[in-house]
>>> print(open('input_13.txt').read())   # compact mmCIF, C-alpha atoms
# COMPACT_ATOMS: atom_id res chain seq x y z
CA MET P 1 96.91 107.55 -22.12
CA ASN P 2 93.21 107.46 -21.19
CA THR P 3 92.50 110.26 -18.72
CA SER P 4 88.71 109.78 -18.81
CA SER P 5 85.76 109.23 -21.10
CA VAL P 6 84.86 112.93 -21.23
CA HIS P 7 85.67 114.39 -24.64
CA ILE P 8 88.44 116.93 -24.67
CA SER P 9 89.88 118.38 -27.86
CA LYS P 10 93.50 118.09 -28.92
CA LYS P 11 93.59 121.87 -29.12
CA LEU P 12 92.62 122.13 -25.46
CA LEU P 13 95.11 119.47 -24.42
CA SER P 14 97.92 121.33 -26.15
CA THR P 15 96.95 124.77 -24.84
CA LYS P 16 99.67 126.23 -22.64
CA ALA P 17 97.74 128.19 -20.05
CA ILE P 18 99.65 127.06 -16.97
CA TYR P 19 102.69 128.86 -15.65
CA SER P 20 103.93 126.23 -13.19
CA LEU P 21 102.95 123.30 -11.00
CA THR P 22 103.55 122.76 -7.29
CA PRO P 23 103.41 118.96 -7.01
CA PHE P 24 102.56 118.75 -3.30
CA THR P 25 101.10 120.96 -0.56
CA LEU P 26 99.54 120.43 2.85
CA LEU P 27 98.75 124.12 3.32
CA ASP P 28 96.62 125.28 0.41
CA TYR P 29 93.65 122.91 0.60
CA PRO P 30 92.18 122.54 4.11
CA ASP P 31 92.66 119.02 5.44
CA ARG P 32 93.72 117.65 2.04
CA THR P 33 96.90 116.64 0.30
CA ALA P 34 96.99 118.50 -2.98
CA CYS P 35 98.97 119.96 -5.82
CA ILE P 36 98.71 123.54 -7.09
CA VAL P 37 98.22 124.43 -10.75
CA TRP P 38 99.29 128.04 -11.32
CA PHE P 39 97.50 129.67 -14.27
CA ALA P 40 99.31 132.44 -16.12
CA GLY P 41 97.66 135.83 -16.48
CA CYS P 42 95.26 137.89 -14.42
CA ASN P 43 92.64 140.57 -15.06
CA MET P 44 93.78 142.55 -12.03
CA ARG P 45 97.08 144.23 -11.25
CA CYS P 46 97.02 144.32 -7.46
CA LEU P 47 99.75 146.58 -6.13
CA TYR P 48 100.84 144.03 -3.51
CA CYS P 49 100.75 140.98 -5.80
CA TYR P 50 103.42 138.42 -4.85
CA ASN P 51 103.27 136.63 -8.21
CA PRO P 52 104.28 139.21 -10.84
CA ASP P 53 105.96 136.52 -12.95
CA ILE P 54 102.72 134.54 -13.08
CA VAL P 55 100.43 137.53 -13.58
CA LEU P 56 102.53 139.07 -16.34
CA GLY P 57 103.95 135.84 -17.74
CA LYS P 58 102.77 133.38 -20.35
CA GLY P 59 101.81 129.75 -20.00
CA GLN P 60 104.65 127.23 -19.97
CA ILE P 61 102.76 123.96 -19.47
CA ASP P 62 99.88 122.47 -21.47
CA PHE P 63 96.78 120.81 -20.06
CA ASP P 64 97.83 117.38 -21.28
CA SER P 65 101.00 117.50 -19.19
CA ILE P 66 99.00 118.38 -16.08
CA LEU P 67 96.51 115.59 -16.73
CA PHE P 68 99.37 113.13 -17.22
CA PHE P 69 100.85 114.23 -13.89
CA LEU P 70 97.49 113.85 -12.14
CA GLN P 71 97.03 110.39 -13.61
CA SER P 72 100.28 109.40 -11.91
CA ARG P 73 99.10 110.85 -8.57
CA LYS P 74 95.75 109.06 -8.31
CA GLY P 75 95.58 107.56 -4.83
CA LEU P 76 98.45 109.73 -3.63
CA LEU P 77 96.82 113.17 -3.71
CA ASP P 78 93.33 114.09 -2.56
CA GLY P 79 92.84 117.28 -4.47
CA VAL P 80 93.91 119.89 -6.97
CA VAL P 81 94.15 123.62 -6.30
CA LEU P 82 93.67 125.87 -9.33
CA SER P 83 95.31 129.20 -8.65
CA GLY P 84 97.22 131.92 -10.45
CA GLY P 85 96.95 134.53 -11.74
CA GLU P 86 93.25 134.00 -12.22
CA CYS P 87 92.22 130.50 -13.20
CA THR P 88 88.65 131.42 -14.18
CA MET P 89 89.94 133.64 -17.01
CA HIS P 90 90.68 130.65 -19.21
CA LYS P 91 87.89 129.85 -21.64
CA ASN P 92 88.45 126.08 -21.29
CA ILE P 93 88.58 125.96 -17.51
CA VAL P 94 85.26 124.09 -17.25
CA SER P 95 86.36 121.30 -19.58
CA PHE P 96 89.68 121.04 -17.78
CA ILE P 97 88.06 120.70 -14.37
CA LYS P 98 85.67 118.05 -15.71
CA LYS P 99 88.71 115.96 -16.61
CA ILE P 100 90.18 116.43 -13.15
CA LYS P 101 86.93 115.48 -11.45
CA GLU P 102 86.63 112.37 -13.62
CA MET P 103 89.92 111.20 -12.12
CA GLY P 104 88.38 111.37 -8.65
CA PHE P 105 90.12 114.47 -7.30
CA VAL P 106 88.42 117.17 -5.28
CA VAL P 107 88.96 120.66 -6.69
CA LYS P 108 89.61 123.99 -4.98
CA ILE P 109 89.84 127.25 -6.86
CA ASP P 110 91.52 130.45 -5.76
CA THR P 111 89.71 133.36 -7.39
CA ASN P 112 89.37 137.12 -7.28
CA GLY P 113 85.67 136.70 -8.08
CA SER P 114 85.86 138.56 -11.37
CA ASN P 115 84.05 135.92 -13.44
CA PRO P 116 80.72 135.17 -11.73
CA LYS P 117 79.28 133.50 -14.84
CA VAL P 118 82.11 130.95 -14.82
CA LEU P 119 81.76 130.48 -11.08
CA GLN P 120 78.03 129.91 -11.46
CA LYS P 121 78.67 127.25 -14.13
CA LEU P 122 81.19 125.48 -11.90
CA ILE P 123 78.74 125.51 -9.00
CA GLN P 124 75.78 124.32 -11.06
CA ASP P 125 77.76 121.47 -12.60
CA GLN P 126 79.18 120.46 -9.20
CA LEU P 127 82.74 120.81 -10.45
CA ILE P 128 84.29 122.55 -7.46
CA ASP P 129 84.48 121.46 -3.83
CA TYR P 130 86.06 124.47 -2.12
CA VAL P 131 86.63 128.13 -3.02
CA ALA P 132 89.00 130.76 -1.67
CA LEU P 133 87.59 134.16 -2.61
CA ASP P 134 89.85 137.21 -2.47
CA PHE P 135 88.24 140.29 -0.93
CA LYS P 136 90.57 143.02 -2.13
CA SER P 137 88.89 146.05 -0.61
CA LEU P 138 85.70 148.10 -0.64
CA PRO P 139 84.64 150.07 -3.75
CA GLY P 140 86.33 153.29 -2.63
CA THR P 141 89.82 151.79 -2.85
CA PHE P 142 89.19 148.78 -5.10
CA LYS P 143 90.17 150.45 -8.37
CA HIS P 144 93.37 151.88 -6.90
CA ILE P 145 94.49 148.60 -5.36
CA THR P 146 93.51 146.25 -8.21
CA LYS P 147 93.76 148.59 -11.21
CA SER P 148 90.37 147.26 -12.27
CA LYS P 149 86.65 148.08 -12.07
CA LEU P 150 85.59 144.58 -11.13
CA PHE P 151 84.06 145.10 -7.70
CA PRO P 152 80.48 144.45 -8.96
CA GLU P 153 81.66 141.11 -10.33
CA PHE P 154 83.29 140.25 -7.01
CA GLU P 155 80.03 141.10 -5.28
CA GLN P 156 78.11 138.78 -7.60
CA SER P 157 80.57 135.97 -6.93
CA LEU P 158 80.24 136.46 -3.17
CA SER P 159 76.46 136.30 -3.50
CA LEU P 160 76.69 133.06 -5.52
CA LEU P 161 78.84 131.43 -2.87
CA LEU P 162 76.61 132.58 -0.05
CA GLN P 163 73.64 131.00 -1.81
CA SER P 164 75.46 127.76 -2.58
CA GLU P 165 76.31 124.85 -0.32
CA ILE P 166 79.98 124.84 -1.33
CA PRO P 167 82.48 125.41 1.50
CA PHE P 168 84.40 128.63 0.93
CA GLU P 169 86.63 131.09 2.66
CA ILE P 170 87.12 134.81 2.26
CA ARG P 171 90.61 136.22 2.49
CA THR P 172 92.30 139.61 2.29
CA THR P 173 95.89 140.75 1.92
CA PHE P 174 96.36 143.69 4.26
CA HIS P 175 98.86 146.49 3.65
CA SER P 176 98.67 149.42 6.08
CA SER P 177 99.33 151.96 3.32
CA LEU P 178 96.50 150.61 1.14
CA ILE P 179 93.82 149.75 3.70
CA SER P 180 93.48 151.77 6.89
CA GLU P 181 92.24 150.24 10.12
CA PRO P 182 88.87 152.05 9.88
CA GLU P 183 88.51 150.79 6.30
CA PHE P 184 89.30 147.26 7.45
CA VAL P 185 86.57 147.50 10.08
CA LYS P 186 84.15 148.60 7.35
CA MET P 187 85.16 145.54 5.29
CA ILE P 188 84.11 143.31 8.17
CA GLU P 189 80.86 145.25 8.50
CA TYR P 190 80.29 144.82 4.77
CA LEU P 191 80.63 141.05 5.07
CA GLU P 192 78.14 141.07 7.94
CA GLU P 193 75.72 143.06 5.79
CA GLN P 194 76.05 140.40 3.10
CA HIS P 195 75.15 137.79 5.76
CA PHE P 196 78.54 136.09 5.67
CA GLU P 197 79.34 134.01 8.74
CA GLY P 198 82.50 132.11 9.55
CA ASN P 199 86.25 132.61 9.30
CA TYR P 200 87.66 135.66 7.55
CA TYR P 201 91.35 135.12 6.82
CA VAL P 202 93.72 138.07 6.66
CA GLN P 203 97.24 137.75 5.35
CA HIS P 204 99.46 140.63 6.38
CA PHE P 205 101.66 141.89 3.58
CA VAL P 206 105.16 140.41 3.75
CA ASN P 207 107.70 143.22 3.51
CA ASN P 208 110.80 143.04 1.33
CA VAL P 209 109.48 140.64 -1.31
CA PRO P 210 109.10 141.28 -5.07
CA THR P 211 105.65 142.65 -5.94
CA LEU P 212 103.95 144.24 -8.95
CA SER P 213 104.49 147.71 -7.48
CA GLU P 214 107.04 149.18 -5.14
CA LEU P 215 105.43 149.64 -1.74
CA ASP P 216 106.56 150.98 1.59
CA ASP P 217 106.79 148.54 4.48
CA SER P 218 103.44 147.66 5.99
CA HIS P 219 102.97 148.22 9.73
CA LYS P 220 101.79 145.15 11.60
CA GLU P 221 100.14 146.63 14.67
CA ILE P 222 96.74 145.60 13.38
CA ARG P 223 97.58 141.97 14.10
CA LEU P 224 97.60 142.72 17.83
CA LYS P 225 93.91 143.62 17.87
CA ASN P 226 90.81 141.47 17.92
CA PHE P 227 88.39 142.33 15.13
CA SER P 228 86.14 139.30 15.42
CA SER P 229 82.41 139.76 15.83
CA SER P 230 79.66 137.42 16.94
CA LYS P 231 79.34 136.02 13.41
CA ILE P 232 82.75 136.56 11.84
CA LYS P 233 86.05 135.31 13.23
CA VAL P 234 89.00 137.33 11.88
CA ILE P 235 92.09 135.13 11.64
CA PHE P 236 95.49 136.58 10.77
CA ARG P 237 97.61 134.16 8.78
CA ASP P 238 101.39 134.17 8.71
>>> encode(input="input_13.txt", output="C-alpha cells")
Amino acid sequence: MNTSSVHISKKLLSTKAIYSLTPFTLLDYPDRTACIVWFAGCNMRCLYCYNPDIVLGKGQIDFDSILFFLQSRKGLLDGVVLSGGECTMHKNIVSFIKKIKEMGFVVKIDTNGSNPKVLQKLIQDQLIDYVALDFKSLPGTFKHITKSKLFPEFEQSLSLLLQSEIPFEIRTTFHSSLISEPEFVKMIEYLEEQHFEGNYYVQHFVNNVPTLSELDDSHKEIRLKNFSSSKIKVIFRD
C-alpha cells in the first residue's frame, strides 16, 4: 500500500496511539463529511469529561490501520477530525498529519491548547485547516476543573490562533457547580480582552452520563439568557 511519498517510519506506522475511530460524521467538522480519530490519553483530568475510557485508556489502533482506512475513503470523505483525549500529546502527530494531508483530506483538530509549540508547528507547516479550542475556565478555577496548571499554555495557543488565518472556534463545557454565571460572564469578557470575535460555543453538561468524576446535576437556567455581545455571539449547543 502506497499512502504517499512522504517518509514515515515503520515504528510510527505500528504505534498504537489511537483509541477508536468514528468512520463518518456530519456534525464534528463544519460543512464537511469527516471521520473522527480518537487519540488515547490526555494531560488534563477535567471533572466533567465524557470520555474517561479514552482519557484513561491505552491505544488500540495503529497509525497504519488509520491510513489504510483513509486510503479507502478518498473521494468519499472531505476531512479528518483528530480528537481525544488530546491529539497534540503524541510526539509523531506532525508526521501523521502530513500523511493525511498528502491524501488530500482537510484536517481539524480538537485541542485543549496545552501544547502551543505543536500547534505553532502545525500552523506554520499548513497542516491543519480548522481548530476547535477548549476554553475550560479562567485561572481561578482552571486547576480545580482540569487538575492541571496548563492555563498559560492555553493562553499561548489562543494567541497563536488569533494571529493566524486558520478558521477556529472556541468552546466551553458548562456545569453550574463548576462555573458560576458571573464567572461565565468574565470568561466572555476575557475573550473580548484577547480580541476574539465570532461564535463562542457552549455545551451544557449532560446530566446522568459517565464522567471522570461524580458530579451533581447541572442547572440549565443559563441557557435561557442571552450573553452575546457586539463582537461575540454565544451559542448554546445541545
>>> closest_residue(input="input_13.txt", among="P:Ile179, P:Ile93, P:Cys49, P:Cys35", to="P:Asn207", atoms="only C-alpha atoms")
P:Cys49
>>> residues_around(input="input_13.txt", residues="stretch 137-140 of chain P", least_positions_apart="3", cutoff="10 Å", atoms="only C-alpha atoms", output="ChimeraX atom specification")
/P:134,143-146,149-152,172-174,178-179,183-184,186-187,190
>>> atom_distance(input="input_13.txt", atom1="atom CA of P:Glu181", atom2="atom CA of P:Phe196")
20.2 Å
>>> atom_distance(input="input_13.txt", atom1="atom CA of P:Asp238", atom2="atom CA of P:Leu160")
28.5 Å
>>> closest_residue(input="input_13.txt", among="P:Val55, P:Phe168, P:Phe69, P:His175", to="P:Asp110", atoms="all atoms listed in the file")
P:Phe168
>>> residues_around(input="input_13.txt", residues="P:Thr22", least_positions_apart="6", cutoff="12 Å", atoms="all atoms listed in the file", output="mmCIF file with C-alpha atoms, in the coordinates of the input")
data_model
loop_
_atom_site.group_PDB
_atom_site.id
_atom_site.type_symbol
_atom_site.label_atom_id
_atom_site.label_comp_id
_atom_site.auth_asym_id
_atom_site.auth_seq_id
_atom_site.Cartn_x
_atom_site.Cartn_y
_atom_site.Cartn_z
ATOM 1 C CA ASP P 28 96.620 125.280 0.410
ATOM 2 C CA THR P 33 96.900 116.640 0.300
ATOM 3 C CA ALA P 34 96.990 118.500 -2.980
ATOM 4 C CA CYS P 35 98.970 119.960 -5.820
ATOM 5 C CA ILE P 36 98.710 123.540 -7.090
ATOM 6 C CA VAL P 37 98.220 124.430 -10.750
ATOM 7 C CA TRP P 38 99.290 128.040 -11.320
ATOM 8 C CA PHE P 39 97.500 129.670 -14.270
ATOM 9 C CA ILE P 66 99.000 118.380 -16.080
ATOM 10 C CA PHE P 69 100.850 114.230 -13.890
ATOM 11 C CA LEU P 70 97.490 113.850 -12.140
ATOM 12 C CA VAL P 80 93.910 119.890 -6.970
ATOM 13 C CA VAL P 81 94.150 123.620 -6.300
ATOM 14 C CA LEU P 82 93.670 125.870 -9.330
ATOM 15 C CA SER P 83 95.310 129.200 -8.650
ATOM 16 C CA GLY P 84 97.220 131.920 -10.450
#
>>> decode(input="input_13.txt", residues="stretch 128-142 of chain P", atoms="N, CA and C atoms", output="compact mmCIF listing (two decimals), in the first residue's frame")
# COMPACT_ATOMS: atom_id res chain seq x y z
N ILE P 128 -3.05 22.05 9.26
CA ILE P 128 -4.40 22.00 9.81
C ILE P 128 -5.27 23.06 9.14
N ASP P 129 -6.55 22.74 9.02
CA ASP P 129 -7.49 23.61 8.31
C ASP P 129 -8.57 24.20 9.21
N TYR P 130 -8.73 23.62 10.39
CA TYR P 130 -9.75 24.10 11.33
C TYR P 130 -9.38 23.61 12.72
N VAL P 131 -9.64 24.44 13.73
CA VAL P 131 -9.29 24.08 15.11
C VAL P 131 -10.49 24.35 16.01
N ALA P 132 -10.77 23.41 16.90
CA ALA P 132 -11.73 23.64 17.98
C ALA P 132 -10.92 23.69 19.27
N LEU P 133 -10.90 24.87 19.89
CA LEU P 133 -10.10 25.09 21.09
C LEU P 133 -10.99 25.10 22.32
N ASP P 134 -10.70 24.23 23.28
CA ASP P 134 -11.48 24.16 24.51
C ASP P 134 -11.03 25.24 25.49
N PHE P 135 -11.98 26.05 25.91
CA PHE P 135 -11.75 27.07 26.93
C PHE P 135 -12.39 26.54 28.21
N LYS P 136 -11.56 25.96 29.06
CA LYS P 136 -12.08 25.26 30.23
C LYS P 136 -12.66 26.21 31.28
N SER P 137 -11.88 27.22 31.61
CA SER P 137 -12.30 28.21 32.60
C SER P 137 -11.21 29.25 32.73
N LEU P 138 -11.42 30.22 33.60
CA LEU P 138 -10.40 31.22 33.90
C LEU P 138 -9.41 30.67 34.93
N PRO P 139 -8.26 31.33 35.12
CA PRO P 139 -7.22 30.79 36.00
C PRO P 139 -7.69 30.42 37.41
N GLY P 140 -8.64 31.18 37.95
CA GLY P 140 -9.07 30.92 39.32
C GLY P 140 -9.67 29.54 39.54
N THR P 141 -10.29 28.98 38.52
CA THR P 141 -10.93 27.67 38.65
C THR P 141 -10.31 26.62 37.73
N PHE P 142 -9.35 27.02 36.92
CA PHE P 142 -8.78 26.13 35.91
C PHE P 142 -8.15 24.88 36.54
